[in-house]
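Participant: I'm passing along start.txt; it holds compact mmCIF, C-alpha atoms and all ligand atoms.
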# COMPACT_ATOMS: atom_id res chain seq x y z
CA MET G 1 0.00 0.00 0.00
CA SER G 2 1.56 3.30 -1.01
CA ASN G 3 0.78 6.72 0.36
CA ASP G 4 -0.15 8.69 -2.72
CA PRO G 5 -3.91 9.12 -2.99
CA LEU G 6 -5.16 7.36 -6.09
CA LEU G 7 -8.53 9.08 -5.75
CA GLU G 8 -9.10 12.34 -3.99
CA LEU G 9 -12.32 14.30 -3.43
CA ARG G 10 -11.88 17.82 -2.14
CA ASP G 11 -14.81 19.80 -0.78
CA ILE G 12 -17.31 18.36 -3.24
CA HIS G 13 -20.65 20.08 -3.50
CA THR G 14 -23.32 18.79 -5.81
CA GLY G 15 -27.00 18.01 -6.02
CA TYR G 16 -30.03 17.82 -8.25
CA GLY G 17 -31.86 20.98 -9.28
CA PRO G 18 -32.33 23.22 -6.27
CA ILE G 19 -31.37 20.48 -3.80
CA GLU G 20 -27.82 20.29 -2.54
CA VAL G 21 -27.05 16.65 -1.74
CA LEU G 22 -23.29 16.67 -1.09
CA LYS G 23 -22.36 19.57 1.16
CA GLY G 24 -18.61 19.70 0.89
CA ILE G 25 -17.23 16.20 1.20
CA SER G 26 -13.54 15.36 1.16
CA LEU G 27 -12.08 11.88 1.13
CA GLU G 28 -9.22 9.94 -0.33
CA VAL G 29 -8.45 6.40 -1.39
CA ARG G 30 -4.82 5.31 -1.57
CA THR G 31 -3.45 2.77 -3.99
CA GLY G 32 -4.15 -0.75 -2.73
CA GLU G 33 -6.85 0.17 -0.26
CA ILE G 34 -10.41 -0.97 0.21
CA VAL G 35 -12.31 2.05 1.49
CA THR G 36 -15.98 2.01 2.38
CA ILE G 37 -18.56 4.76 2.70
CA ILE G 38 -21.39 3.80 5.02
CA GLY G 39 -24.52 5.77 5.69
CA ALA G 40 -28.29 5.65 5.82
CA ASN G 41 -30.57 5.57 2.83
CA GLY G 42 -30.56 9.00 1.17
CA ALA G 43 -27.28 10.17 2.75
CA GLY G 44 -25.69 10.73 -0.66
CA LYS G 45 -23.61 7.58 -1.12
CA SER G 46 -24.71 6.89 -4.70
CA THR G 47 -24.40 10.56 -5.55
CA THR G 48 -20.79 10.45 -4.33
CA LEU G 49 -19.92 7.53 -6.63
CA MET G 50 -21.77 9.04 -9.58
CA THR G 51 -19.84 12.26 -9.07
CA VAL G 52 -16.57 10.33 -9.26
CA SER G 53 -17.61 8.46 -12.40
CA GLY G 54 -18.71 11.68 -14.09
CA MET G 55 -22.44 10.92 -14.20
CA VAL G 56 -23.34 13.75 -11.82
CA PRO G 57 -21.55 17.06 -12.42
CA VAL G 58 -19.52 18.66 -9.62
CA ARG G 59 -20.77 22.10 -8.56
CA ARG G 60 -17.90 23.05 -6.32
CA GLY G 61 -14.68 21.30 -5.32
CA GLU G 62 -12.69 18.78 -7.30
CA VAL G 63 -12.15 15.11 -7.93
CA ARG G 64 -8.66 13.89 -8.77
CA PHE G 65 -7.65 10.44 -9.99
CA GLN G 66 -3.92 9.63 -10.25
CA GLY G 67 -3.36 13.33 -9.74
CA GLU G 68 -5.47 14.25 -12.78
CA ARG G 69 -8.59 16.40 -12.43
CA LEU G 70 -11.75 14.58 -13.42
CA THR G 71 -13.97 17.64 -13.35
CA GLY G 72 -15.75 17.90 -16.70
CA VAL G 73 -14.18 14.69 -18.04
CA ALA G 74 -16.68 12.47 -19.90
CA PRO G 75 -17.73 9.21 -18.19
CA HIS G 76 -16.28 6.95 -20.92
CA ARG G 77 -12.95 8.74 -20.65
CA ILE G 78 -12.98 8.22 -16.88
CA VAL G 79 -13.40 4.49 -17.54
CA GLU G 80 -10.41 4.65 -19.91
CA LEU G 81 -8.37 6.31 -17.17
CA GLY G 82 -8.91 3.21 -15.03
CA LEU G 83 -12.00 3.89 -12.92
CA SER G 84 -14.83 1.44 -13.38
CA GLN G 85 -18.20 1.53 -11.62
CA VAL G 86 -20.54 -1.28 -10.60
CA PRO G 87 -23.79 0.66 -10.33
CA GLU G 88 -26.53 0.27 -7.76
CA GLY G 89 -29.06 -2.30 -8.94
CA ARG G 90 -26.39 -3.92 -11.21
CA ARG G 91 -27.77 -2.38 -14.44
CA ILE G 92 -26.73 -5.27 -16.62
CA PHE G 93 -28.19 -5.37 -20.13
CA PRO G 94 -31.17 -7.74 -19.74
CA ARG G 95 -31.59 -8.48 -23.45
CA LEU G 96 -27.92 -9.15 -24.11
CA THR G 97 -26.29 -12.47 -23.36
CA VAL G 98 -23.77 -12.88 -20.55
CA LEU G 99 -20.97 -12.87 -23.11
CA GLU G 100 -22.29 -9.71 -24.80
CA ASN G 101 -22.64 -7.98 -21.43
CA LEU G 102 -18.97 -8.72 -20.75
CA GLU G 103 -17.95 -7.46 -24.17
CA MET G 104 -19.80 -4.22 -23.45
CA GLY G 105 -17.60 -3.78 -20.41
CA ALA G 106 -14.58 -3.68 -22.71
CA TYR G 107 -16.02 -1.14 -25.15
CA THR G 108 -13.35 1.46 -24.45
CA ARG G 109 -10.52 -0.99 -25.19
CA ARG G 110 -8.69 -1.38 -28.47
CA ASP G 111 -6.71 -4.54 -27.69
CA PRO G 112 -8.84 -7.46 -28.95
CA ASN G 113 -6.30 -10.05 -27.83
CA GLY G 114 -6.23 -8.62 -24.34
CA VAL G 115 -10.02 -8.55 -24.27
CA ALA G 116 -10.21 -12.21 -25.32
CA ALA G 117 -7.72 -13.16 -22.62
CA ASP G 118 -9.71 -11.23 -20.01
CA LEU G 119 -12.94 -12.93 -21.07
CA ASP G 120 -11.23 -16.25 -20.36
CA LYS G 121 -10.13 -14.93 -16.98
CA MET G 122 -13.67 -13.85 -16.10
CA PHE G 123 -15.13 -17.22 -17.03
CA HIS G 124 -12.47 -18.85 -14.89
CA ARG G 125 -13.11 -16.56 -11.93
CA PHE G 126 -16.90 -16.72 -12.27
CA PRO G 127 -17.68 -20.30 -13.38
CA ILE G 128 -21.38 -19.55 -13.06
CA LEU G 129 -21.04 -17.06 -15.93
CA SER G 130 -19.14 -19.55 -18.03
CA GLU G 131 -22.00 -22.04 -17.77
CA ARG G 132 -24.41 -19.31 -18.83
CA LYS G 133 -22.46 -17.53 -21.57
CA GLU G 134 -25.33 -17.56 -24.04
CA GLN G 135 -28.10 -16.91 -21.51
CA LEU G 136 -29.79 -13.49 -21.53
CA GLY G 137 -28.65 -11.27 -18.66
CA GLY G 138 -32.22 -10.54 -17.58
CA THR G 139 -32.87 -14.22 -16.88
CA LEU G 140 -30.05 -14.55 -14.31
CA SER G 141 -30.77 -14.55 -10.57
CA GLY G 142 -29.94 -11.42 -8.55
CA GLY G 143 -26.69 -12.91 -7.30
CA GLU G 144 -25.65 -14.05 -10.77
CA GLN G 145 -26.43 -10.59 -12.13
CA GLN G 146 -24.19 -9.07 -9.47
CA MET G 147 -21.35 -11.40 -10.51
CA LEU G 148 -21.95 -10.32 -14.10
CA ALA G 149 -21.96 -6.63 -13.14
CA ILE G 150 -18.63 -7.02 -11.34
CA ALA G 151 -17.12 -9.04 -14.18
CA ARG G 152 -18.35 -6.48 -16.71
CA ALA G 153 -16.69 -3.67 -14.76
CA LEU G 154 -13.46 -5.69 -14.62
CA MET G 155 -13.46 -6.07 -18.42
CA ALA G 156 -12.36 -2.42 -18.58
CA ARG G 157 -9.19 -3.44 -16.68
CA PRO G 158 -9.70 -0.87 -13.94
CA ARG G 159 -7.06 0.23 -11.45
CA MET G 160 -9.95 1.12 -9.21
CA LEU G 161 -13.47 -0.24 -8.79
CA LEU G 162 -16.39 1.76 -7.45
CA LEU G 163 -19.16 -0.47 -6.12
CA ASP G 164 -22.60 0.74 -5.14
CA GLU G 165 -24.43 -1.59 -2.75
CA PRO G 166 -23.15 -4.83 -4.32
CA SER G 167 -24.78 -6.95 -1.62
CA LEU G 168 -28.22 -5.32 -1.70
CA GLY G 169 -31.04 -7.84 -2.02
CA LEU G 170 -28.76 -10.86 -2.33
CA ALA G 171 -29.12 -14.20 -0.59
CA PRO G 172 -26.56 -14.65 2.24
CA LEU G 173 -24.48 -17.08 0.19
CA PHE G 174 -24.01 -14.47 -2.56
CA VAL G 175 -23.35 -11.72 -0.02
CA SER G 176 -20.31 -13.55 1.33
CA LYS G 177 -19.28 -14.43 -2.21
CA VAL G 178 -19.34 -10.79 -3.28
CA PHE G 179 -17.17 -9.72 -0.34
CA ARG G 180 -14.77 -12.62 -0.90
CA ILE G 181 -14.35 -11.59 -4.53
CA LEU G 182 -13.67 -8.00 -3.50
CA ARG G 183 -10.91 -9.14 -1.14
CA GLU G 184 -9.38 -11.33 -3.88
CA LEU G 185 -9.46 -8.54 -6.45
CA ASN G 186 -7.89 -6.19 -3.95
CA ARG G 187 -5.07 -8.67 -3.28
CA GLU G 188 -4.48 -8.76 -7.02
CA GLY G 189 -3.97 -5.00 -7.01
CA VAL G 190 -7.39 -3.45 -7.61
CA THR G 191 -8.14 -0.49 -5.36
CA VAL G 192 -11.74 -0.45 -4.14
CA LEU G 193 -14.24 2.20 -3.08
CA LEU G 194 -17.29 0.45 -1.69
CA VAL G 195 -20.64 1.92 -0.77
CA GLU G 196 -22.80 -0.29 1.43
CA GLN G 197 -25.78 -0.33 3.72
CA ASN G 198 -24.48 -3.65 5.05
CA ALA G 199 -22.08 -1.69 7.24
CA ARG G 200 -20.89 -4.69 9.20
CA MET G 201 -19.68 -6.64 6.16
CA ALA G 202 -18.29 -3.50 4.57
CA LEU G 203 -16.27 -2.53 7.65
CA LYS G 204 -15.02 -6.11 8.08
CA THR G 205 -13.79 -6.07 4.50
CA ALA G 206 -12.38 -2.53 4.22
CA HIS G 207 -9.16 -1.01 5.52
CA ARG G 208 -10.73 2.37 6.22
CA GLY G 209 -14.19 3.84 6.27
CA TYR G 210 -16.10 7.09 6.13
CA VAL G 211 -19.52 7.75 7.63
CA LEU G 212 -21.73 9.92 5.43
CA GLU G 213 -24.70 11.70 7.02
CA THR G 214 -26.98 13.90 4.92
CA GLY G 215 -24.23 14.91 2.54
CA GLN G 216 -21.43 15.38 5.03
CA ILE G 217 -18.61 13.15 6.26
CA THR G 218 -19.04 12.84 10.02
CA MET G 219 -16.45 10.17 10.81
CA ALA G 220 -13.33 8.86 9.11
CA ASP G 221 -11.16 6.13 10.57
CA ALA G 222 -9.67 2.67 10.29
CA ALA G 223 -12.47 0.22 9.57
CA ALA G 224 -11.73 -1.76 12.74
CA THR G 225 -11.99 1.42 14.82
CA LEU G 226 -15.35 2.30 13.26
CA LEU G 227 -16.60 -1.26 13.87
CA ALA G 228 -15.78 -0.88 17.56
CA ASP G 229 -17.24 2.62 17.88
CA SER G 230 -20.46 2.75 19.91
CA ARG G 231 -21.97 5.54 17.78
CA VAL G 232 -21.40 3.50 14.62
CA GLN G 233 -22.74 0.41 16.34
CA ASP G 234 -25.90 2.20 17.46
CA ALA G 235 -26.58 3.89 14.15
CA TYR G 236 -25.44 1.32 11.58
CA LEU G 237 -24.70 -2.07 13.07
CA GLY G 238 -28.01 -2.80 14.76
CA LYS G 239 -26.25 -4.54 17.64
N1 LIG C 1 -31.72 11.90 -9.95
C1 LIG C 1 -32.10 12.52 -8.80
N2 LIG C 1 -32.91 13.61 -8.84
C2 LIG C 1 -33.26 14.24 -7.69
N3 LIG C 1 -32.89 13.85 -6.46
C3 LIG C 1 -32.11 12.78 -6.36
C4 LIG C 1 -31.67 12.04 -7.52
N4 LIG C 1 -30.91 11.01 -7.11
C5 LIG C 1 -30.86 11.10 -5.76
N5 LIG C 1 -31.58 12.15 -5.31
C6 LIG C 1 -31.74 12.56 -3.90
O1 LIG C 1 -30.45 12.80 -3.37
C7 LIG C 1 -30.36 12.34 -2.02
C8 LIG C 1 -29.20 11.37 -1.91
O2 LIG C 1 -29.48 10.22 -2.70
P1 LIG C 1 -28.44 9.05 -2.93
O3 LIG C 1 -27.13 9.62 -3.33
O4 LIG C 1 -29.08 8.10 -3.86
O5 LIG C 1 -28.32 8.46 -1.46
P2 LIG C 1 -27.87 7.00 -0.97
O6 LIG C 1 -27.19 6.31 -2.09
O7 LIG C 1 -26.98 7.26 0.20
O8 LIG C 1 -29.12 6.30 -0.55
C9 LIG C 1 -31.70 11.75 -1.69
O9 LIG C 1 -32.45 12.73 -1.00
C10 LIG C 1 -32.32 11.46 -3.03
O10 LIG C 1 -33.71 11.55 -2.99
MG MG C 2 -27.61 4.55 -3.07
Now, as a test, write the supplied structure out as structure tokens.

Facilitator:
Amino acid sequence: MSNDPLLELRDIHTGYGPIEVLKGISLEVRTGEIVTIIGANGAGKSTTLMTVSGMVPVRRGEVRFQGERLTGVAPHRIVELGLSQVPEGRRIFPRLTVLENLEMGAYTRRDPNGVAADLDKMFHRFPILSERKEQLGGTLSGGEQQMLAIARALMARPRMLLLDEPSLGLAPLFVSKVFRILRELNREGVTVLLVEQNARMALKTAHRGYVLETGQITMADAAATLLADSRVQDAYLGK
């Protein structure tokens, strides 16, 4: 783990129409880390990720990735720079096959041989997708769709993955599978920013965490410290 921030948000303000959702948030993710943002429904977690991936414009403040400003950079270009998002609700293409969904994940790449090799890797890592290559995405179970959404994001060969509620609505078996995959990917060098309502699993998996409350960061610490904090326990861990 190095010390240079791979991703840095400085005093980000943004919102929708007249409503300000993020009220000046600052955070950083260093190379090699798993960082989680926990917070209640409506706190602004998805808005934070969408701001990083360029889907929601920044009103004030700046986002930097590998030292480069992302403000005003188009979403597809942000993917090319190495930041790939797994959106809330998976958003796979229901009428495309598993294979076609994965190919869509590589749409910014111009190295067909590399793409073919990565497809093989994905089918090896996610055997369930290999068995269902020709099946339409929309006919997969929720857990299988989440595997597909993660694999699709990986097809862009990201340095960093942004994940929005990857465990939401999944059966317990798939929940632990998702977190296990995140740890594996991280060991292989992928830096992770994870948004979760399952705060317990997220804090057990992450190195550090931030607590987001109505558009402001109220706590930032080592994940283990947050897990042991009575305020976090009362508000988010339902002890
Ligand atoms: N497209 C949108 N248009 C208007 N308001 C939105 C939109 N998306 C989210 N919001 C509002 O922004 C706030 C934060 O939402 P969100 O970032 O989705 O929170 P979280 O992911 O933490 O649940 C909520 O009040 C939500 O209603
Ligand atoms: Mg959300």

Participant: CA of Met147 (chain G) to CA of Glu80 (chain G): how many Å, to one decimal?

Facilitator: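 CA of Met147 (chain G) sits 21.6 Å away from CA of Glu80 (chain G).
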
Participant: Between G:Asp120, G:Glu88, G:Glu134, G:Asp234, which is the closest to ligand MG 2 (chain C) once you count all atoms listed in the file?

Facilitator: G:Glu88

Participant: List all protein, DNA and RNA residues that have any atom at most 12 Å from ligand MG 2 (chain C), counting all atoms listed in the file, and write the list as a PDB file with C-alpha atoms, keeping the file's coordinate frame.

Facilitator:
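As a result, part26.pdb now contains:
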ATOM      1  CA  ILE G  37     -18.560   4.760   2.700  1.00  0.00           C
ATOM      2  CA  ILE G  38     -21.390   3.800   5.020  1.00  0.00           C
ATOM      3  CA  GLY G  39     -24.520   5.770   5.690  1.00  0.00           C
ATOM      4  CA  ALA G  40     -28.290   5.650   5.820  1.00  0.00           C
ATOM      5  CA  ASN G  41     -30.570   5.570   2.830  1.00  0.00           C
ATOM      6  CA  GLY G  42     -30.560   9.000   1.170  1.00  0.00           C
ATOM      7  CA  ALA G  43     -27.280  10.170   2.750  1.00  0.00           C
ATOM      8  CA  GLY G  44     -25.690  10.730  -0.660  1.00  0.00           C
ATOM      9  CA  LYS G  45     -23.610   7.580  -1.120  1.00  0.00           C
ATOM     10  CA  SER G  46     -24.710   6.890  -4.700  1.00  0.00           C
ATOM     11  CA  THR G  47     -24.400  10.560  -5.550  1.00  0.00           C
ATOM     12  CA  THR G  48     -20.790  10.450  -4.330  1.00  0.00           C
ATOM     13  CA  LEU G  49     -19.920   7.530  -6.630  1.00  0.00           C
ATOM     14  CA  MET G  50     -21.770   9.040  -9.580  1.00  0.00           C
ATOM     15  CA  VAL G  86     -20.540  -1.280 -10.600  1.00  0.00           C
ATOM     16  CA  PRO G  87     -23.790   0.660 -10.330  1.00  0.00           C
ATOM     17  CA  GLU G  88     -26.530   0.270  -7.760  1.00  0.00           C
ATOM     18  CA  GLY G  89     -29.060  -2.300  -8.940  1.00  0.00           C
ATOM     19  CA  ARG G  90     -26.390  -3.920 -11.210  1.00  0.00           C
ATOM     20  CA  LEU G 163     -19.160  -0.470  -6.120  1.00  0.00           C
ATOM     21  CA  ASP G 164     -22.600   0.740  -5.140  1.00  0.00           C
ATOM     22  CA  GLU G 165     -24.430  -1.590  -2.750  1.00  0.00           C
ATOM     23  CA  PRO G 166     -23.150  -4.830  -4.320  1.00  0.00           C
ATOM     24  CA  SER G 167     -24.780  -6.950  -1.620  1.00  0.00           C
ATOM     25  CA  LEU G 168     -28.220  -5.320  -1.700  1.00  0.00           C
ATOM     26  CA  LEU G 194     -17.290   0.450  -1.690  1.00  0.00           C
ATOM     27  CA  VAL G 195     -20.640   1.920  -0.770  1.00  0.00           C
ATOM     28  CA  GLU G 196     -22.800  -0.290   1.430  1.00  0.00           C
ATOM     29  CA  GLN G 197     -25.780  -0.330   3.720  1.00  0.00           C
ATOM     30  CA  ASN G 198     -24.480  -3.650   5.050  1.00  0.00           C
ATOM     31  CA  LEU G 212     -21.730   9.920   5.430  1.00  0.00           C
TER      32      LEU G 212
END

Participant: Between G:Gly114, G:Leu193, G:Asn101, G:Lys23, single out the one closest to Ser53 (chain G), counting all atoms listed in the file.

Facilitator: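 Distance minimum relative to Ser53 (chain G) lands on G:Leu193.
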
Participant: Restricting the calculation to only C-alpha atoms and all ligand atoms: of G:Gly32, G:Pro57, G:Pro75, G:Pro94, which residue gets closest to ligand LIG 1 (chain C)?

Facilitator: G:Pro57

Participant: Any idea what the distance is between CA of Gly142 (chain G) and CA of Ser130 (chain G)?

Facilitator: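 Straight-line distance from CA of Gly142 (chain G) to CA of Ser130 (chain G) works out to 16.5 Å.
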
Participant: May I have the residues at most 9 Å from (-16.1, 10.5, 5.0) in the file's coordinates, counting only C-alpha atoms, as a list of chain:residue names?

Facilitator: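 Those residues, ordered by chain and then number, are G:Ile25, G:Ser26, G:Leu27, G:Glu28, G:Thr36, G:Ile37, G:Ile38, G:Gly209, G:Tyr210, G:Val211, G:Leu212, G:Glu213, G:Gln216, G:Ile217, G:Thr218, G:Met219, G:Ala220, G:Asp221.
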
Participant: Around (-26.7, -15.6, -12.8), as given in the file, which residues come within 12 Å? Count only C-alpha atoms and list them as a PDB file with C-alpha atoms, keeping the file's coordinate frame.

Facilitator:
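Once everything was written out, this is selection-v8.pdb:
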ATOM      1  CA  ARG G  90     -26.390  -3.920 -11.210  1.00  0.00           C
ATOM      2  CA  ILE G  92     -26.730  -5.270 -16.620  1.00  0.00           C
ATOM      3  CA  PRO G  94     -31.170  -7.740 -19.740  1.00  0.00           C
ATOM      4  CA  THR G  97     -26.290 -12.470 -23.360  1.00  0.00           C
ATOM      5  CA  VAL G  98     -23.770 -12.880 -20.550  1.00  0.00           C
ATOM      6  CA  PHE G 126     -16.900 -16.720 -12.270  1.00  0.00           C
ATOM      7  CA  PRO G 127     -17.680 -20.300 -13.380  1.00  0.00           C
ATOM      8  CA  ILE G 128     -21.380 -19.550 -13.060  1.00  0.00           C
ATOM      9  CA  LEU G 129     -21.040 -17.060 -15.930  1.00  0.00           C
ATOM     10  CA  SER G 130     -19.140 -19.550 -18.030  1.00  0.00           C
ATOM     11  CA  GLU G 131     -22.000 -22.040 -17.770  1.00  0.00           C
ATOM     12  CA  ARG G 132     -24.410 -19.310 -18.830  1.00  0.00           C
ATOM     13  CA  LYS G 133     -22.460 -17.530 -21.570  1.00  0.00           C
ATOM     14  CA  GLU G 134     -25.330 -17.560 -24.040  1.00  0.00           C
ATOM     15  CA  GLN G 135     -28.100 -16.910 -21.510  1.00  0.00           C
ATOM     16  CA  LEU G 136     -29.790 -13.490 -21.530  1.00  0.00           C
ATOM     17  CA  GLY G 137     -28.650 -11.270 -18.660  1.00  0.00           C
ATOM     18  CA  GLY G 138     -32.220 -10.540 -17.580  1.00  0.00           C
ATOM     19  CA  THR G 139     -32.870 -14.220 -16.880  1.00  0.00           C
ATOM     20  CA  LEU G 140     -30.050 -14.550 -14.310  1.00  0.00           C
ATOM     21  CA  SER G 141     -30.770 -14.550 -10.570  1.00  0.00           C
ATOM     22  CA  GLY G 142     -29.940 -11.420  -8.550  1.00  0.00           C
ATOM     23  CA  GLY G 143     -26.690 -12.910  -7.300  1.00  0.00           C
ATOM     24  CA  GLU G 144     -25.650 -14.050 -10.770  1.00  0.00           C
ATOM     25  CA  GLN G 145     -26.430 -10.590 -12.130  1.00  0.00           C
ATOM     26  CA  GLN G 146     -24.190  -9.070  -9.470  1.00  0.00           C
ATOM     27  CA  MET G 147     -21.350 -11.400 -10.510  1.00  0.00           C
ATOM     28  CA  LEU G 148     -21.950 -10.320 -14.100  1.00  0.00           C
ATOM     29  CA  ALA G 149     -21.960  -6.630 -13.140  1.00  0.00           C
ATOM     30  CA  ILE G 150     -18.630  -7.020 -11.340  1.00  0.00           C
ATOM     31  CA  ALA G 151     -17.120  -9.040 -14.180  1.00  0.00           C
ATOM     32  CA  LEU G 170     -28.760 -10.860  -2.330  1.00  0.00           C
ATOM     33  CA  PHE G 174     -24.010 -14.470  -2.560  1.00  0.00           C
TER      34      PHE G 174
END

Participant: Using CA of Val29 (chain G) and CA of Thr191 (chain G) as the two end points, give the distance in Å to one decimal.

Facilitator: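 One can read the CA of Val29 (chain G) to CA of Thr191 (chain G) distance as 8.0 Å.
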
Participant: Kindly reconstruct region 189-210 of chain G with N, CA and C atoms and present the result as a compact mmCIF listing (two decimals), in the frame of the given file.

Facilitator:
# COMPACT_ATOMS: atom_id res chain seq x y z
N GLY G 189 -4.43 -6.35 -6.67
CA GLY G 189 -3.97 -5.00 -7.01
C GLY G 189 -5.05 -4.00 -7.37
N VAL G 190 -6.32 -4.40 -7.30
CA VAL G 190 -7.39 -3.45 -7.61
C VAL G 190 -7.74 -2.66 -6.35
N THR G 191 -7.73 -1.35 -6.46
CA THR G 191 -8.14 -0.49 -5.36
C THR G 191 -9.66 -0.38 -5.39
N VAL G 192 -10.28 -0.34 -4.20
CA VAL G 192 -11.74 -0.45 -4.14
C VAL G 192 -12.35 0.67 -3.30
N LEU G 193 -13.39 1.31 -3.86
CA LEU G 193 -14.24 2.20 -3.08
C LEU G 193 -15.63 1.59 -3.08
N LEU G 194 -16.09 1.25 -1.87
CA LEU G 194 -17.29 0.45 -1.69
C LEU G 194 -18.33 1.22 -0.90
N VAL G 195 -19.52 1.31 -1.46
CA VAL G 195 -20.64 1.92 -0.77
C VAL G 195 -21.59 0.81 -0.33
N GLU G 196 -21.98 0.83 0.93
CA GLU G 196 -22.80 -0.29 1.43
C GLU G 196 -23.74 0.15 2.53
N GLN G 197 -24.93 -0.45 2.54
CA GLN G 197 -25.78 -0.33 3.72
C GLN G 197 -25.50 -1.46 4.69
N ASN G 198 -24.92 -2.56 4.17
CA ASN G 198 -24.48 -3.65 5.05
C ASN G 198 -23.15 -3.22 5.67
N ALA G 199 -23.27 -2.33 6.67
CA ALA G 199 -22.08 -1.69 7.24
C ALA G 199 -21.15 -2.70 7.90
N ARG G 200 -21.73 -3.72 8.50
CA ARG G 200 -20.89 -4.69 9.20
C ARG G 200 -19.94 -5.41 8.23
N MET G 201 -20.51 -5.94 7.15
CA MET G 201 -19.68 -6.64 6.16
C MET G 201 -18.69 -5.68 5.52
N ALA G 202 -19.16 -4.47 5.23
CA ALA G 202 -18.29 -3.50 4.57
C ALA G 202 -17.10 -3.15 5.46
N LEU G 203 -17.36 -2.92 6.75
CA LEU G 203 -16.27 -2.53 7.65
C LEU G 203 -15.34 -3.71 7.95
N LYS G 204 -15.88 -4.93 7.88
CA LYS G 204 -15.02 -6.11 8.08
C LYS G 204 -14.11 -6.32 6.88
N THR G 205 -14.54 -5.84 5.73
CA THR G 205 -13.79 -6.07 4.50
C THR G 205 -12.79 -4.93 4.21
N ALA G 206 -13.18 -3.72 4.60
CA ALA G 206 -12.38 -2.53 4.22
C ALA G 206 -11.21 -2.28 5.16
N HIS G 207 -10.25 -1.50 4.67
CA HIS G 207 -9.16 -1.01 5.52
C HIS G 207 -9.61 0.23 6.29
N ARG G 208 -10.28 1.12 5.58
CA ARG G 208 -10.73 2.37 6.22
C ARG G 208 -12.17 2.64 5.82
N GLY G 209 -12.81 3.51 6.59
CA GLY G 209 -14.19 3.84 6.27
C GLY G 209 -14.51 5.30 6.57
N TYR G 210 -15.55 5.76 5.89
CA TYR G 210 -16.10 7.09 6.13
C TYR G 210 -17.59 6.91 6.44
